[in-house]
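Colleague: I have a structure I would like to understand better, so I am pasting it below and will then ask my questions one at a time.
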Amino acid sequence: MRAEEMGKVTDRMRLLLAVSSLIFLAVLAISPFKDYRREWKQYKRSYLGFAQSRPDTKRLTADYTPDIDQIWLPGMNVVDRCTTCHQGITQPSLADNSVPQPFRAHPPIPHNVREWGCTICHRGQGPATEVAEAHTSTLAWEQPVLPTHFIQASCGTCHQSDLPQTPQLARGRQLLAELNCQGCHKMQGIERPAMLGPDLSSIGTKVSREWIYKWLKEPRTIVDKDGNVTVNGYETEEEPRMPKFRLTETELRALTAYLGVQKAKSIAPYRISPAVVVAWSKNPELISQGELRFRQMFCTTCHPLAVTRAGETKLIGGDIGPELTKVGSKVNPDWLIAWLRDPQAYLPHTRMPRYGWSDDDLYKVTQYITTKLVDSDLLSDVPKLDPPTDEEIQLGRRLFVEKGCASCHVLEGLNPQRDFGPDLSALGGKNASELEFGTAKVPHNLVAYIQAKLQDPVSVNPAARMPQYNWNQVDRDAVTTALLSMKGPPPTSALQNLVVPLKEPSFRATGSFADLYERYKCYTCHKFNGYGGNLAPDLSYEGSRAERQWLVGFLKSPETLRPTLILRMPQFNMSDKDATTLADYISTVLLHPAVNPATTDAKQFTPAMATLGKQLYEVKFQCQSCHTIGGSGGYVGPNLTNAGGWLTPAWIAAWLRNPQELVPDSIEPRRNFTNQEITALTAYLMTLRARIKPKRTAFHTGALALRLGAGR
Amino acid sequence: MSISNLAIAALLIVALSTASGCRKHAETTKADPLLAAYDSEPDWNDSTKMISLGYQQSQGKRVFYQYCVWCHADSTPAGPSNRSNLTPVPPLLDDGSTLNSESDEYLENMITLGGSAMGKSAMMPPYGRALSAEEIRSVIAFTRAIAEPPYQPAGRPGSQYSTR
């Protein structure tokens, strides 16, 4: 470059300067342009446009601002900017599915969105202002929005007691408790149940080593398409309790050797009176009479049994006790007799009631079980097992502890290990990066992890000690929901105040009633002040409901009040003394404060009142659509044929006034009866006195009854 | 001109890369229709088809299976149904050809006040004092969700219940 040309501005340089200035300006403009184009601002503007197209524009835009909207709840750790885009969330006129997201209103729920924000239930990143940041898992935020299918988990984070609105969560919690998950895992809000797996201290006196081998290998009852029940035992496919461990042949041999020699308490064979044996042993009716007694005692209320009818095999009966289809090939006959006479002598915590047996019944029923409920092929695929060696027994003992068997099963001399599995009490709040996915081909998020782990524990961790449970999709989703609800203790004291504590049911049976209550295990099926099972009616106020004399008769020979029920009260062969003691206790203690016997005097009822009541029953209110009297009527409510002999007049009157006050979840509609109508209906019902003839038993109806309350 | 061309090109590249670099790419997950549903109910006529339910509809399902199923379905949690026992025979809850033509208000009154108040059979009892208004509305939402043929809100822009 020559000297005179230095400092001389050429056209080229001017052009270059102009272009770069323009580019510089353009680059500067990018920032305000990008700000204008922000996702949330676009949603803000399009909401305005959308509101213009609706008839109630004014209401929809009443609190519109062009800025970020925020729900800030300092006490609850909530900073939610979700309403910046979800602007119609509280507008009732935008509830319809035709309203495009994100403007649609939230469906009605018990909580107010403005009061609680969004992320407490839906998770996601509250302060985010971009769609992806708010909803999905990003590098900086690993708590994506919870899929709606599992949203009940969020209810459970605060509501430790079960809500009627969250059946999935309740089912999940129930499964976690029933399957004794807390035997190995620490969990939030689920207590270790009193009933664990069976006590194995004397298992050698009950079953053979071969049976244990088969059981450990495939601990489920499988009914295949030909109706063959593959394994007999405790589990059915729908209600698996004993999980499947992945055991090698050596491990199977060692564990069976160890368990086979567990005979802490030897059984003393009970001698059935020789006169009974002589009288029955040659009688061709023996087995069919045994079967009849078996059915009459309603063993199937608790025990399922595979029944083949018209080529189709179904498990029929309850799921409280073990399945009995092939129990005759499973247990030692001497053990069976000893067990039936006194189950608690073998298993102190068993829910099996202690029936009153005559030698006659005992002989017939055990002969039926050991002759009919058998399968000679049951153990045919078990290899020949030689007498156990000391090495096998030692290895078995070690494996019993290592595999975690002691977490569910009691065995004399072995203590359960504490915290055998990982702590799950804060699993629901974990980030995906805290989880081990191994080589599993599942999406890396918490929900997918829990589902994969539940389906097959080794899929995400080949070294997992957790056994395999066999659940259906519905139950797996329910357990996933319950696990997602456990987010550990709330981070702030204000949040701790939100947690609704678990209701602690309490019922303490007293006096001689307590002994009978334990003997007949009333609480396995009935509830008393919130404590007990839900298979049968709640008896907390039974003393106000039923006449004492009726109770005595019912306890001695239970009859069916609801024609559709297939699972029925077993016949315990109760003595007069036992029935009277129970009825006396029920009539004096289990009373409802709203039922005052003094207010309703049956002596004042006149035939005219009863006639009016009958007319009201049949014509005005048409109660027969749900209740049966005599031979006709509906199956929904209890049979009223013997209402006068069964119910107290005070209960009937109080019930007609407000059924839900006496039984909160009763399906009987509460009507607006006048006092005169109540008196007339009560007078009519008190005239109904007749013994209900027992209908045909469960086995003939062919339908499998679900638990009362299923589907709720 | 080659230097200026190069300079312009370089500046453009810088500007463009700055602009595009600001854009964050977050991974997005594919939407699973069942995962978006609060609950679901198998189609009554074709159990392989699942109907997704929202919160209100699923509350309706819960109320239905506790209170209504006994007479408004052919099978119940306890086995046999009371439906065949009644004259006139109550409609199945998914019977769209009967129920779709009834307005939300009519059904609400029917459940709340009972059959006799609406000039129908007294066999349908009133549930207005046993169920809350919210529960009754949820049952109607469930009815609309499972209706066959499907329920179309008939030109009523303000209908509270959406179709599936």
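Simple scheme: letters A, B, ... for chains in structure tokens order, numbers from 1 for residues in each chain, numbers from 1 for ligands in the order shown.
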Which residues are close to Ile320 (chain A), i.e. within 9 Å by only C-alpha atoms, leaving aside same-chain residues fewer than 5 positions away? Reply as JSON, numbers by chain.

Modeller: {"A": [301, 302, 303, 304, 351, 524]}

Colleague: Convert the current residue selection to file output with N, CA and C atoms, as a PDB file, in the first residue's frame.

Modeller:
```
ATOM      1  N   THR A 301     -65.880 -69.528  51.627  1.00  0.00           N
ATOM      2  CA  THR A 301     -65.928 -68.081  51.844  1.00  0.00           C
ATOM      3  C   THR A 301     -64.508 -67.523  51.910  1.00  0.00           C
ATOM      4  N   CYS A 302     -63.594 -68.314  52.454  1.00  0.00           N
ATOM      5  CA  CYS A 302     -62.202 -67.862  52.550  1.00  0.00           C
ATOM      6  C   CYS A 302     -61.291 -68.586  51.564  1.00  0.00           C
ATOM      7  N   HIS A 303     -61.573 -69.867  51.292  1.00  0.00           N
ATOM      8  CA  HIS A 303     -60.646 -70.662  50.477  1.00  0.00           C
ATOM      9  C   HIS A 303     -61.154 -70.824  49.049  1.00  0.00           C
ATOM     10  N   PRO A 304     -60.341 -70.476  48.042  1.00  0.00           N
ATOM     11  CA  PRO A 304     -60.754 -70.756  46.663  1.00  0.00           C
ATOM     12  C   PRO A 304     -60.554 -72.228  46.314  1.00  0.00           C
ATOM     13  N   ARG A 351     -55.401 -66.666  60.506  1.00  0.00           N
ATOM     14  CA  ARG A 351     -56.751 -66.086  60.542  1.00  0.00           C
ATOM     15  C   ARG A 351     -57.825 -67.159  60.491  1.00  0.00           C
ATOM     16  N   THR A 524     -61.598 -61.011  60.821  1.00  0.00           N
ATOM     17  CA  THR A 524     -61.078 -61.321  59.493  1.00  0.00           C
ATOM     18  C   THR A 524     -62.036 -60.804  58.416  1.00  0.00           C
TER      19      THR A 524
END
```

Colleague: As a ChimeraX atom specification, please: the residues near Lys503 (chain A) (cut-off 9 Å, only C-alpha atoms, same-chain neighbours under 3 positions excluded).

Modeller: /A:160-162,500

Colleague: With distances taken over only C-alpha atoms, which of A:Thr300, A:Gln165, A:Ser281, A:Gln182 is nearest to chain B?

Modeller: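 Looking at the shortest contact to chain B, the residue is A:Gln165.
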
Colleague: Taking 4 positions as the minimum chain separation for residues in the same chain, which residues sit within 12 Å of region 622-633 of chain A when counting only C-alpha atoms? Answer as a PyMOL selection string.

Modeller: (chain A and resi 561-564+613-618+637-644+656+667-669+671+681+684-685+687-693+695) or (chain B and resi 67-68+70-71+81-90+114-116+121-126)

Colleague: Keeping C-alpha atoms, export the residues of the selection given above as a PDB file, in the first residue's frame.

Modeller:
```
ATOM      1  CA  LEU A 561     -79.832 -62.148  54.071  1.00  0.00           C
ATOM      2  CA  ARG A 562     -78.625 -61.029  50.680  1.00  0.00           C
ATOM      3  CA  PRO A 563     -79.542 -63.404  47.888  1.00  0.00           C
ATOM      4  CA  THR A 564     -76.724 -62.310  45.584  1.00  0.00           C
ATOM      5  CA  GLY A 613     -97.013 -49.107  55.544  1.00  0.00           C
ATOM      6  CA  LYS A 614     -97.604 -52.029  53.197  1.00  0.00           C
ATOM      7  CA  GLN A 615     -99.261 -49.704  50.718  1.00  0.00           C
ATOM      8  CA  LEU A 616     -96.403 -47.186  50.946  1.00  0.00           C
ATOM      9  CA  TYR A 617     -93.883 -50.017  50.510  1.00  0.00           C
ATOM     10  CA  GLU A 618     -95.552 -51.502  47.492  1.00  0.00           C
ATOM     11  CA  GLY A 637     -80.943 -54.787  49.437  1.00  0.00           C
ATOM     12  CA  PRO A 638     -81.233 -57.392  52.169  1.00  0.00           C
ATOM     13  CA  ASN A 639     -84.124 -59.840  52.145  1.00  0.00           C
ATOM     14  CA  LEU A 640     -86.873 -58.445  54.388  1.00  0.00           C
ATOM     15  CA  THR A 641     -88.970 -61.600  54.692  1.00  0.00           C
ATOM     16  CA  ASN A 642     -87.997 -61.815  58.361  1.00  0.00           C
ATOM     17  CA  ALA A 643     -87.462 -58.098  58.998  1.00  0.00           C
ATOM     18  CA  GLY A 644     -89.669 -58.188  62.116  1.00  0.00           C
ATOM     19  CA  LEU A 656     -85.532 -44.813  57.236  1.00  0.00           C
ATOM     20  CA  ILE A 667     -76.401 -47.452  48.932  1.00  0.00           C
ATOM     21  CA  GLU A 668     -79.938 -47.158  50.281  1.00  0.00           C
ATOM     22  CA  PRO A 669     -81.148 -43.744  49.105  1.00  0.00           C
ATOM     23  CA  ARG A 671     -85.586 -40.251  51.343  1.00  0.00           C
ATOM     24  CA  LEU A 681     -93.280 -48.478  57.238  1.00  0.00           C
ATOM     25  CA  TYR A 684     -95.377 -52.932  58.408  1.00  0.00           C
ATOM     26  CA  LEU A 685     -91.828 -54.295  58.453  1.00  0.00           C
ATOM     27  CA  THR A 687     -95.139 -57.637  60.964  1.00  0.00           C
ATOM     28  CA  LEU A 688     -92.858 -59.608  58.643  1.00  0.00           C
ATOM     29  CA  ARG A 689     -91.774 -62.681  60.524  1.00  0.00           C
ATOM     30  CA  ALA A 690     -90.752 -65.846  58.781  1.00  0.00           C
ATOM     31  CA  ARG A 691     -87.792 -68.119  58.588  1.00  0.00           C
ATOM     32  CA  ILE A 692     -85.931 -67.557  55.359  1.00  0.00           C
ATOM     33  CA  LYS A 693     -85.510 -70.859  53.593  1.00  0.00           C
ATOM     34  CA  LYS A 695     -81.446 -71.012  48.947  1.00  0.00           C
TER      35      LYS A 695
ATOM     36  CA  TYR B  67     -74.983 -47.221  43.656  1.00  0.00           C
ATOM     37  CA  CYS B  68     -76.337 -47.671  40.148  1.00  0.00           C
ATOM     38  CA  TRP B  70     -77.276 -53.115  40.429  1.00  0.00           C
ATOM     39  CA  CYS B  71     -80.100 -52.059  38.114  1.00  0.00           C
ATOM     40  CA  SER B  81     -78.028 -58.117  38.123  1.00  0.00           C
ATOM     41  CA  ASN B  82     -81.341 -56.910  39.471  1.00  0.00           C
ATOM     42  CA  ARG B  83     -82.189 -55.381  36.088  1.00  0.00           C
ATOM     43  CA  SER B  84     -84.152 -58.292  34.645  1.00  0.00           C
ATOM     44  CA  ASN B  85     -86.206 -58.286  37.828  1.00  0.00           C
ATOM     45  CA  LEU B  86     -87.776 -54.906  37.165  1.00  0.00           C
ATOM     46  CA  THR B  87     -90.684 -53.687  35.064  1.00  0.00           C
ATOM     47  CA  PRO B  88     -90.254 -51.392  33.223  1.00  0.00           C
ATOM     48  CA  VAL B  89     -86.696 -52.590  32.522  1.00  0.00           C
ATOM     49  CA  PRO B  90     -84.261 -49.781  33.423  1.00  0.00           C
ATOM     50  CA  GLY B 114     -86.407 -40.060  41.512  1.00  0.00           C
ATOM     51  CA  GLY B 115     -88.718 -41.603  38.937  1.00  0.00           C
ATOM     52  CA  SER B 116     -92.076 -40.779  40.492  1.00  0.00           C
ATOM     53  CA  SER B 121     -91.514 -45.497  37.374  1.00  0.00           C
ATOM     54  CA  ALA B 122     -91.216 -45.136  41.150  1.00  0.00           C
ATOM     55  CA  MET B 123     -88.759 -48.019  41.043  1.00  0.00           C
ATOM     56  CA  MET B 124     -86.073 -45.416  40.405  1.00  0.00           C
ATOM     57  CA  PRO B 125     -85.507 -43.977  43.887  1.00  0.00           C
ATOM     58  CA  PRO B 126     -84.379 -40.378  44.513  1.00  0.00           C
TER      59      PRO B 126
END
```

Colleague: Once DSSP has gone over the backbone, tell me which residues of region 219-461 of chain A are in alpha helix (DSSP H), as a ChimeraX atom specification.

Modeller: /A:249-260,274-281,286-296,333-341,343-346,359-372,390-402,446-455

Colleague: What is the distance between CA of Arg209 (chain A) and CA of Ala463 (chain A), in Å to one decimal?

Modeller: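 These two atoms are separated by 28.1 Å.
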
Colleague: Can you pull out every residue within 9 Å of region 266-272 of chain A, counting only C-alpha atoms, but drop anything in the same chain fewer than 6 positions away, and send it as a PDB file with N, CA and C atoms, in the first residue's frame?

Modeller:
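Output (part_16.pdb):
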```pdb
ATOM      1  N   SER A 202     -42.333 -75.362  61.948  1.00  0.00           N
ATOM      2  CA  SER A 202     -42.689 -76.782  61.941  1.00  0.00           C
ATOM      3  C   SER A 202     -43.159 -77.221  60.561  1.00  0.00           C
ATOM      4  N   THR A 205     -43.481 -80.854  59.476  1.00  0.00           N
ATOM      5  CA  THR A 205     -44.555 -81.748  59.916  1.00  0.00           C
ATOM      6  C   THR A 205     -45.784 -81.608  59.029  1.00  0.00           C
ATOM      7  N   ASP A 334     -52.341 -86.496  59.172  1.00  0.00           N
ATOM      8  CA  ASP A 334     -52.374 -86.284  60.622  1.00  0.00           C
ATOM      9  C   ASP A 334     -52.315 -84.802  60.945  1.00  0.00           C
ATOM     10  N   TRP A 335     -51.490 -84.078  60.165  1.00  0.00           N
ATOM     11  CA  TRP A 335     -51.376 -82.638  60.365  1.00  0.00           C
ATOM     12  C   TRP A 335     -52.716 -81.964  60.079  1.00  0.00           C
ATOM     13  N   ILE A 337     -55.786 -83.071  60.371  1.00  0.00           N
ATOM     14  CA  ILE A 337     -56.762 -83.223  61.458  1.00  0.00           C
ATOM     15  C   ILE A 337     -56.393 -82.320  62.625  1.00  0.00           C
ATOM     16  N   ALA A 338     -55.101 -82.303  62.957  1.00  0.00           N
ATOM     17  CA  ALA A 338     -54.656 -81.463  64.082  1.00  0.00           C
ATOM     18  C   ALA A 338     -54.906 -79.995  63.763  1.00  0.00           C
ATOM     19  N   TYR A 346     -50.765 -74.595  65.712  1.00  0.00           N
ATOM     20  CA  TYR A 346     -49.677 -74.715  64.744  1.00  0.00           C
ATOM     21  C   TYR A 346     -49.169 -73.334  64.321  1.00  0.00           C
ATOM     22  N   ASP A 359     -66.510 -85.504  66.168  1.00  0.00           N
ATOM     23  CA  ASP A 359     -65.673 -86.513  65.518  1.00  0.00           C
ATOM     24  C   ASP A 359     -66.274 -86.931  64.186  1.00  0.00           C
ATOM     25  N   ASP A 360     -67.590 -86.961  64.172  1.00  0.00           N
ATOM     26  CA  ASP A 360     -68.323 -87.357  62.980  1.00  0.00           C
ATOM     27  C   ASP A 360     -67.987 -86.428  61.799  1.00  0.00           C
ATOM     28  N   LEU A 362     -65.507 -84.225  61.611  1.00  0.00           N
ATOM     29  CA  LEU A 362     -64.074 -84.191  61.369  1.00  0.00           C
ATOM     30  C   LEU A 362     -63.671 -85.354  60.460  1.00  0.00           C
ATOM     31  N   TYR A 363     -64.205 -86.527  60.742  1.00  0.00           N
ATOM     32  CA  TYR A 363     -63.859 -87.704  59.948  1.00  0.00           C
ATOM     33  C   TYR A 363     -64.364 -87.553  58.513  1.00  0.00           C
TER      34      TYR A 363
END
```

Colleague: Could you jot down the CA of Gly260 (chain A) to CA of Pro243 (chain A) separation for me, Å, one decimal place?

Modeller: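 Those two atoms sit 19.9 Å apart.
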
Colleague: Show which residues sit within 12 Å of Ser101 (chain B), as a list in words. Count only C-alpha atoms, and ignore same-chain residues fewer than 6 positions away.

Modeller: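 After dropping sequence-adjacent residues, the list is Asp95, Leu107, Arg144, Ala147, Pro149, Pro150, Tyr151, Gln152, Pro153 and Ala154 of chain B.
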
Colleague: Quick one: write out the picked residues with C-alpha atoms as an mmCIF file, in the first residue's frame?

Modeller:
```cif
data_model
loop_
_atom_site.group_PDB
_atom_site.id
_atom_site.type_symbol
_atom_site.label_atom_id
_atom_site.label_comp_id
_atom_site.auth_asym_id
_atom_site.auth_seq_id
_atom_site.Cartn_x
_atom_site.Cartn_y
_atom_site.Cartn_z
ATOM 1 C CA ASP B 95 -77.662 -47.035 26.108
ATOM 2 C CA LEU B 107 -80.938 -36.704 33.981
ATOM 3 C CA ARG B 144 -72.009 -39.477 28.456
ATOM 4 C CA ALA B 147 -72.685 -43.893 25.628
ATOM 5 C CA PRO B 149 -73.788 -44.587 20.037
ATOM 6 C CA PRO B 150 -71.461 -41.832 21.281
ATOM 7 C CA TYR B 151 -72.984 -38.776 22.866
ATOM 8 C CA GLN B 152 -72.798 -35.528 20.905
ATOM 9 C CA PRO B 153 -73.898 -32.453 22.783
ATOM 10 C CA ALA B 154 -76.660 -31.435 20.388
#
```

Colleague: Gln344 (chain A): which residues within 12 Å, counting only C-alpha atoms, same-chain residues fewer than 3 positions away excluded, as number ranges by chain?

Modeller: A: 198-199, 338-341, 347-355, 518-521

Colleague: Include C-alpha atoms and write out the residues we just selected as a PDB file, in the first residue's frame.

Modeller:
```pdb
ATOM      1  CA  PRO A 198     -46.574 -68.465  57.421  1.00  0.00           C
ATOM      2  CA  ASP A 199     -44.390 -69.441  60.365  1.00  0.00           C
ATOM      3  CA  ALA A 338     -54.656 -81.463  64.082  1.00  0.00           C
ATOM      4  CA  TRP A 339     -54.865 -78.215  62.097  1.00  0.00           C
ATOM      5  CA  LEU A 340     -58.627 -78.311  61.685  1.00  0.00           C
ATOM      6  CA  ARG A 341     -59.125 -78.924  65.389  1.00  0.00           C
ATOM      7  CA  LEU A 347     -49.719 -71.092  63.520  1.00  0.00           C
ATOM      8  CA  PRO A 348     -50.437 -68.624  66.339  1.00  0.00           C
ATOM      9  CA  HIS A 349     -51.157 -65.752  63.929  1.00  0.00           C
ATOM     10  CA  THR A 350     -53.397 -67.605  61.468  1.00  0.00           C
ATOM     11  CA  ARG A 351     -56.751 -66.086  60.542  1.00  0.00           C
ATOM     12  CA  MET A 352     -58.360 -69.511  60.367  1.00  0.00           C
ATOM     13  CA  PRO A 353     -61.114 -69.698  63.015  1.00  0.00           C
ATOM     14  CA  ARG A 354     -61.334 -72.593  65.436  1.00  0.00           C
ATOM     15  CA  TYR A 355     -64.489 -74.455  64.463  1.00  0.00           C
ATOM     16  CA  GLU A 518     -60.192 -64.434  68.787  1.00  0.00           C
ATOM     17  CA  ARG A 519     -61.415 -67.998  68.445  1.00  0.00           C
ATOM     18  CA  TYR A 520     -63.809 -67.289  65.585  1.00  0.00           C
ATOM     19  CA  LYS A 521     -61.619 -64.528  64.116  1.00  0.00           C
TER      20      LYS A 521
END
```
